[in-house]
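Q: One structure, as structure tokens, below. Some questions next.
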Amino acid sequence: MTVAAGIGYALLALGPSLALFVTVISKKPFLILTVLSSTLLWLVSLIVLSGFWRPFLPLNSAASWPFAVLIITSVAFQEGLRLLFWKVYKRLEDMLDAFADRVSKPRLYPTDKMLIALAGGLGHGAAHAVFFCLSVLTPAFGPATFFTDQCSQIPFFLVSSIIALAFATIHTFSMVIAFNGYSEGNKVDQLFVPVVHLVAGMVTLINFTTGGCSIGIPILYIIAILTLLHCGKMVWGKLTENQIRL
Amino acid sequence: MKFYFLLVGLFLLSQCVREISGQAKSMESVPDLQNSMYRVVDGVPCVRLLNLSGEIGCANPGRDKVVAPVVRYQTGLDLARPSAILVSLDRMGELFDRHDVTVFFRISKDPGLSKNIGGILVESGTGIPNEFKGFSPDRKFPLAEFSPYQSTNYEWNPRGTGILWNTYTFPIFLLTNDSTPIMKKIAKENEKKTEGHTSNVAEFDLVMQTTKYGTHDSESCLKEGTCLPLGGYSVWSSLPPIHISSSKQVKPTILTVASMDSGSLFRDKNLGSESPISGLIALLAAVDSLSRVDALGELSKQLVFAVFTGETWGYLGSRRFLLELDLQSEAVRGLDSKLIEMVIEIGSVGRAFNQGTETFFAHTTGVSSATNATLNALKRAEVSLGSQNISVSLASTSNPGIPPSSSMAFVKKNSSTSGFVLEDFDAAFSNKFYHSHLDDPSNINSSSIVAAASLVARTLYILVNENKNIRSSVLDSISINGSLVDEMLSCLLQCDPGLSCELVKKYITPSATCPVHYVGVVLGEPSSTPYIGYVNDVSRFIWNFLADKSSALEKNSRSTCSQDCSNKGEVCIKAETKGICVTSTTRYVPAYSTRLKYGSGVWTVLPPNSSDPMAKIDPVWTESNWDNIGLRVYEVQEASLDRLILLAGIAATVLAYIAIAIARAFITKALKRD
């Protein structure tokens, strides 16, 4: 679809993440490092999953239940890794706080902690967008377009970009919710994130059916908006609570 | 990394992708996606050929690929924008009739159609409909300017349309049997999408170097090096071998001639089964049968067989052969043009079957005692073959002369040439597909070829014996190996087994399986001992076959060789497989225009020589060079949609930026409140 459309698809999928990076993350080197390490972690999770699933591939694309199993195992593994990421972060936080005490500087503020979580989520979301959308976008820079049988009204690359945008949003803000849930021991938040991740993953299976993308994609966006709102509510609550405490 | 792609592809699948063709085949990587999007279509192109005054054939109009939506041809079609027209074979004549472009003027009988032809795709069919009366893109009198008689508007080829000689400023491709249904489906999809935002387009890559460099005739393109002259290598062989070392005089020679190249609008779909390969096979089968006759060498006349190439493009092979004879060059050592008593040509002989008899016609090259002797021998041969329902008669006197054939070049050079051309037709070609891509093996009959070969073999034996002392037992023993003829048909006229058949592989290592009887271009320096890689498969096969057969009854050293043989009079046959030295006089003769000279890597056009009247009318055909030729189809969407998507991406980014800035300001304000 020509270079213009190719750039358009890339911006659709990664533009908001890029905007977030430029406005918030790029000012603080530590956050940049967090984004990179979170991307790396997500990469590693993909490698391990692909290694595990290699003997079972290619899956029989006629039935969709093998894909459901694939998604469930992948989501479970990635959520486990998120917990690990949290534990490593906690250790790091303790080290940073101890260091701050030694040089008589202030400890990490709650906003700092949330920014670190946001950076972690952004790393995951951007990695997802790059691997699931950008990696197949190269043919879109040529003159041709492509439509799948199941979703014949919208170009395939557009669908891919839109879904990548939704997932980037979900990943970015899920990390904030998850870190907050782990630090406060809030069971609701702790469960919210894996459930949302799993539901979002399963919803994409609807796209297998003819015309399914007109149902699946709106549901996905509802989930993304839900995540955004929940995160917003949580952040607002945290900030006002701090205010009262101070 | 392979894991990545597998997993990526898989997750992709798990999100929303399935293979488009409806089969349960899944795409597993980006290259798979690329191949599904851009589908390469098999097609045979029509290429750009040039002569001294201009060009013919097809090419992209500029340096870029031509991209045009695919539209099916219907009567009364009117195009709004440049399109790729998909036309079926029986409608092709109608389409080309409505559109007529000559080099300097865009004369269009139908302006609404012709200025919007982006390209043409011709369908192939598995069966030719009965109402299809034939198709011949050549003229009604092919190579009329070379005829030794005046009536150049006689119609030897009544179905001829002459579209082969037109200049097309757009690409034309012939689809294969496999790619035709794909294209038809795509055109049908396009019809449904008339108001939609996408359309299926065909992308033609037929950019010719002569277009890129602006050289639009042979002389300028040869100077620039953007083209090469048409030509190849003819083969001649004597049976039995001529012992040049001995002091014996050269004997009077009977020359039997056939040609090996045909023409077609589409360069690589060029079989020429009836014209002229049926004649070629008959000649080779006759040589095979005569090679088993004892003591041919003790007779007073010499048999020489010659197979010319380049005849379609102005009798390049025969004219060059005659020139080499005049120059007494190395290529024709052992031959003396003054001693060539008669010239017998085997033309189109595959369609002689007519109500139970194989009927042939002898078109004589003038009246003389030698010609009478040949005709008597022919009659005697016919009688000896009496039980086999073969008949041969003199061609009608209402014909203006000999049909288009290599003999025309011989007669034009020397009007006292005696001989005849053996054909299966009298007043007009029986070949309904002369010089078209449809002249395939279904157009001929192997029994006709066997009959023609029998006639020629026995006629030659009678002639070489000067019609006396012929033991009818020997004459009757001269018979054609029918299975050899069938094998040659499957080797030279089919893709399976094609040139990979045992007969051909015995002698050479073919470069391709599907035989193509287009003369090709002259690579490197033309010489009588060319670099074997520059000689095409069929010429090499014929050389090896003739050398093998002519050496059958000789004393051969049979020593192994790879290129040359040390013994005089010996040649190395089967050099590409397991070479052995045999006694034979078989030579290559370069076939190219007598107006061209090769010197220090460059071809130059010579001015016409007054001693060579045919050189004045020679168009000097060359073929343009090219980088790539290809045909792809894919779906495109409107440019406005592309811009819309870019806008949407930018908007998403900008909106996100604004939203984040607002949120940040909000949070900062909230924090500052304390």
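Chains: A, B, ... in order of the structure tokens. Residues: from 1 per chain. Ligands: from 1, in order shown.
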Return as a VMD selection string the residues belonging to chain A that are within 8 Å of chain B, counting only C-alpha atoms.
A: chain A and resid 1 to 2 4 to 13 15 to 16 18 to 20 23 46 to 47 50 to 51 54 58 61 to 62 67 131 to 132 135 to 136 139 143 to 150 156 160 204 to 205 207 to 208 213 239 to 240 243 246
Q: Please provide the set of residues having any atom within 12 Å of stretch 495-505 of chain B, restricted to only C-alpha atoms, with same-chain residues fewer than 2 positions apart removed, written as a PyMOL selection string.
A: chain B and resi 269-271+440-441+483-493+507-517+536-545+574-578
Q: I need the alpha helix (DSSP H) residues of stretch 239-462 of chain B per DSSP on the backbone, written as a ChimeraX atom specification.
A: /B:278-290,316-327,369-384,406-413,446-462
Q: Do you have the atom CA of B:Ser329-atom CA of B:Gly232 distance handy?
A: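 Taking atom CA of B:Ser329 and atom CA of B:Gly232, their separation equals 17.5 Å.
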Q: By how many Å are atom CA of A:Ile223 and atom CA of A:Gly181 apart?
A: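 We find that atom CA of A:Ile223 and atom CA of A:Gly181 lie 18.6 Å from each other.
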Q: Pick out the residues sitting within 8 Å of B:Tyr434, and hand them over as a CSV table (one decimal) with N, CA and C atoms, in the first residue's frame; count only C-alpha atoms, and ignore anything fewer than 2 positions along from it in its own chain.
A:
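Written file, part-v2.csv:
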```
chain,number,residue,atom,x,y,z
B,135,PHE,N,-5.1,-19.7,-36.6
B,135,PHE,CA,-4.5,-18.5,-36.1
B,135,PHE,C,-3.1,-18.4,-36.7
B,136,SER,N,-2.8,-17.4,-37.4
B,136,SER,CA,-1.5,-17.2,-37.9
B,136,SER,C,-1.1,-15.8,-37.9
B,137,PRO,N,-0.2,-15.4,-37.0
B,137,PRO,CA,0.2,-14.0,-36.9
B,137,PRO,C,1.1,-13.5,-38.0
B,138,ASP,N,1.6,-14.4,-38.8
B,138,ASP,CA,2.5,-14.1,-39.9
B,138,ASP,C,1.7,-13.5,-41.1
B,157,ASN,N,-0.5,-18.2,-47.2
B,157,ASN,CA,-0.9,-18.4,-45.8
B,157,ASN,C,-2.2,-17.6,-45.7
B,160,GLY,N,-3.2,-15.7,-42.5
B,160,GLY,CA,-2.3,-14.8,-41.9
B,160,GLY,C,-2.9,-13.4,-41.6
B,272,GLY,N,6.6,-24.8,-33.7
B,272,GLY,CA,6.7,-25.0,-35.2
B,272,GLY,C,6.6,-26.4,-35.6
B,274,GLU,N,4.5,-28.3,-37.4
B,274,GLU,CA,4.3,-28.6,-38.8
B,274,GLU,C,5.3,-27.8,-39.6
B,275,SER,N,5.5,-26.6,-39.3
B,275,SER,CA,6.4,-25.8,-40.1
B,275,SER,C,7.5,-25.2,-39.2
B,431,ASN,N,-1.2,-25.8,-43.0
B,431,ASN,CA,-1.0,-25.5,-41.6
B,431,ASN,C,-1.9,-24.3,-41.2
B,432,LYS,N,-2.9,-24.6,-40.3
B,432,LYS,CA,-3.8,-23.5,-39.9
B,432,LYS,C,-3.1,-22.6,-38.9
B,436,SER,N,2.7,-19.7,-35.3
B,436,SER,CA,2.0,-19.3,-34.1
B,436,SER,C,2.3,-20.2,-33.0
B,439,ASP,N,1.1,-24.1,-33.1
B,439,ASP,CA,1.5,-25.1,-34.0
B,439,ASP,C,2.2,-26.2,-33.2
```
Q: Need to verify the contact set: B:Gly119, 9 Å, only C-alpha atoms, exclusion of same-chain residues closer than 2 positions in sequence. Can you return it as a VMD selection string?
A: chain B and resid 60 66 to 68 82 to 86 116 to 117 121 169 to 173 202 204
Q: Pull N, CA and C atoms from the residues just selected and write them as an mmCIF file, in the first residue's frame.
A:
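So out.cif came out as:
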```cif
data_model
loop_
_atom_site.group_PDB
_atom_site.id
_atom_site.type_symbol
_atom_site.label_atom_id
_atom_site.label_comp_id
_atom_site.auth_asym_id
_atom_site.auth_seq_id
_atom_site.Cartn_x
_atom_site.Cartn_y
_atom_site.Cartn_z
ATOM 1 N N ASN B 60 7.583 -2.534 -22.589
ATOM 2 C CA ASN B 60 7.029 -1.483 -21.727
ATOM 3 C C ASN B 60 7.362 -0.143 -22.362
ATOM 4 N N VAL B 66 4.804 -1.585 -15.829
ATOM 5 C CA VAL B 66 3.446 -1.149 -16.155
ATOM 6 C C VAL B 66 2.492 -1.804 -15.171
ATOM 7 N N VAL B 67 1.694 -0.974 -14.474
ATOM 8 C CA VAL B 67 0.734 -1.506 -13.515
ATOM 9 C C VAL B 67 -0.653 -1.128 -14.003
ATOM 10 N N ALA B 68 -1.503 -2.104 -14.258
ATOM 11 C CA ALA B 68 -2.827 -1.796 -14.804
ATOM 12 C C ALA B 68 -3.839 -2.801 -14.283
ATOM 13 N N PRO B 82 -5.995 3.228 -18.461
ATOM 14 C CA PRO B 82 -5.136 2.155 -18.983
ATOM 15 C C PRO B 82 -5.336 0.869 -18.194
ATOM 16 N N SER B 83 -5.661 -0.189 -18.936
ATOM 17 C CA SER B 83 -5.962 -1.466 -18.287
ATOM 18 C C SER B 83 -5.194 -2.597 -18.941
ATOM 19 N N ALA B 84 -5.103 -3.702 -18.205
ATOM 20 C CA ALA B 84 -4.502 -4.922 -18.749
ATOM 21 C C ALA B 84 -5.647 -5.778 -19.266
ATOM 22 N N ILE B 85 -5.682 -6.006 -20.547
ATOM 23 C CA ILE B 85 -6.824 -6.710 -21.145
ATOM 24 C C ILE B 85 -6.527 -8.199 -21.216
ATOM 25 N N LEU B 86 -7.447 -8.974 -20.646
ATOM 26 C CA LEU B 86 -7.338 -10.428 -20.693
ATOM 27 C C LEU B 86 -8.211 -10.904 -21.838
ATOM 28 N N ASN B 116 -5.912 3.327 -24.198
ATOM 29 C CA ASN B 116 -5.989 2.857 -22.824
ATOM 30 C C ASN B 116 -5.587 1.398 -22.660
ATOM 31 N N ILE B 117 -4.844 0.887 -23.631
ATOM 32 C CA ILE B 117 -4.346 -0.469 -23.443
ATOM 33 C C ILE B 117 -3.036 -0.372 -22.678
ATOM 34 N N LEU B 121 -3.015 -9.675 -21.978
ATOM 35 C CA LEU B 121 -2.741 -11.022 -21.494
ATOM 36 C C LEU B 121 -3.569 -11.978 -22.343
ATOM 37 N N THR B 169 3.351 -0.673 -28.293
ATOM 38 C CA THR B 169 4.007 0.142 -27.269
ATOM 39 C C THR B 169 3.578 -0.293 -25.888
ATOM 40 N N PHE B 170 3.121 -1.538 -25.782
ATOM 41 C CA PHE B 170 2.732 -2.041 -24.466
ATOM 42 C C PHE B 170 3.137 -3.513 -24.405
ATOM 43 N N PRO B 171 3.199 -4.093 -23.210
ATOM 44 C CA PRO B 171 3.601 -5.489 -23.098
ATOM 45 C C PRO B 171 2.460 -6.448 -23.433
ATOM 46 N N ILE B 172 2.829 -7.578 -24.024
ATOM 47 C CA ILE B 172 1.854 -8.648 -24.271
ATOM 48 C C ILE B 172 2.447 -9.942 -23.725
ATOM 49 N N PHE B 173 1.674 -10.628 -22.925
ATOM 50 C CA PHE B 173 2.119 -11.900 -22.372
ATOM 51 C C PHE B 173 1.127 -12.985 -22.734
ATOM 52 N N ALA B 202 -2.323 -6.041 -12.632
ATOM 53 C CA ALA B 202 -1.221 -6.844 -13.136
ATOM 54 C C ALA B 202 -0.036 -5.918 -13.306
ATOM 55 N N PHE B 204 3.473 -5.552 -15.162
ATOM 56 C CA PHE B 204 4.289 -6.103 -16.247
ATOM 57 C C PHE B 204 5.706 -5.562 -16.164
#
```
Q: Atom CA of B:Gly569 to atom CA of B:Leu239: how many Å, to one decimal?
A: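 Taking atom CA of B:Gly569 as the start and atom CA of B:Leu239 as the end point, the length is 13.2 Å.
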Q: Need the shell around A:Glu79: protein/DNA/RNA residues with any atom at most 10 Å away, counting only C-alpha atoms. Skip same-chain ones fewer than 6 positions apart. Format as a list in words?
A: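 Everything that qualifies: Thr73, Phe85, Ala178, Val193, Pro194, Val195, His197 and Leu198 of chain A.
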Q: Name the closest residue to A:Thr34 among the candidates A:Met95, A:Ala117, A:Ala100, A:Ala68; distances are taken between atoms, counting only C-alpha atoms.
A: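 With only C-alpha atoms as the atom set, the closest residue is A:Ala117.
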Q: What lies within 8 Å of B:Ala457 using only C-alpha atoms, ignoring chain neighbours under 4 positions off, as a count of residues only?
A: 7
Q: Give me the residues near B:Leu546 as JSON, numbers by chain, where near means some atom within 12 Å (using only C-alpha atoms) and where sequence neighbours in that chain fewer than 2 positions away do not count.
A: {"B": [235, 236, 237, 238, 239, 240, 241, 280, 281, 283, 284, 285, 286, 287, 288, 289, 290, 291, 304, 305, 306, 307, 507, 539, 540, 541, 542, 543, 544, 548, 549, 550, 551, 552, 571, 573, 574, 582, 583, 584, 585, 586, 587, 588]}
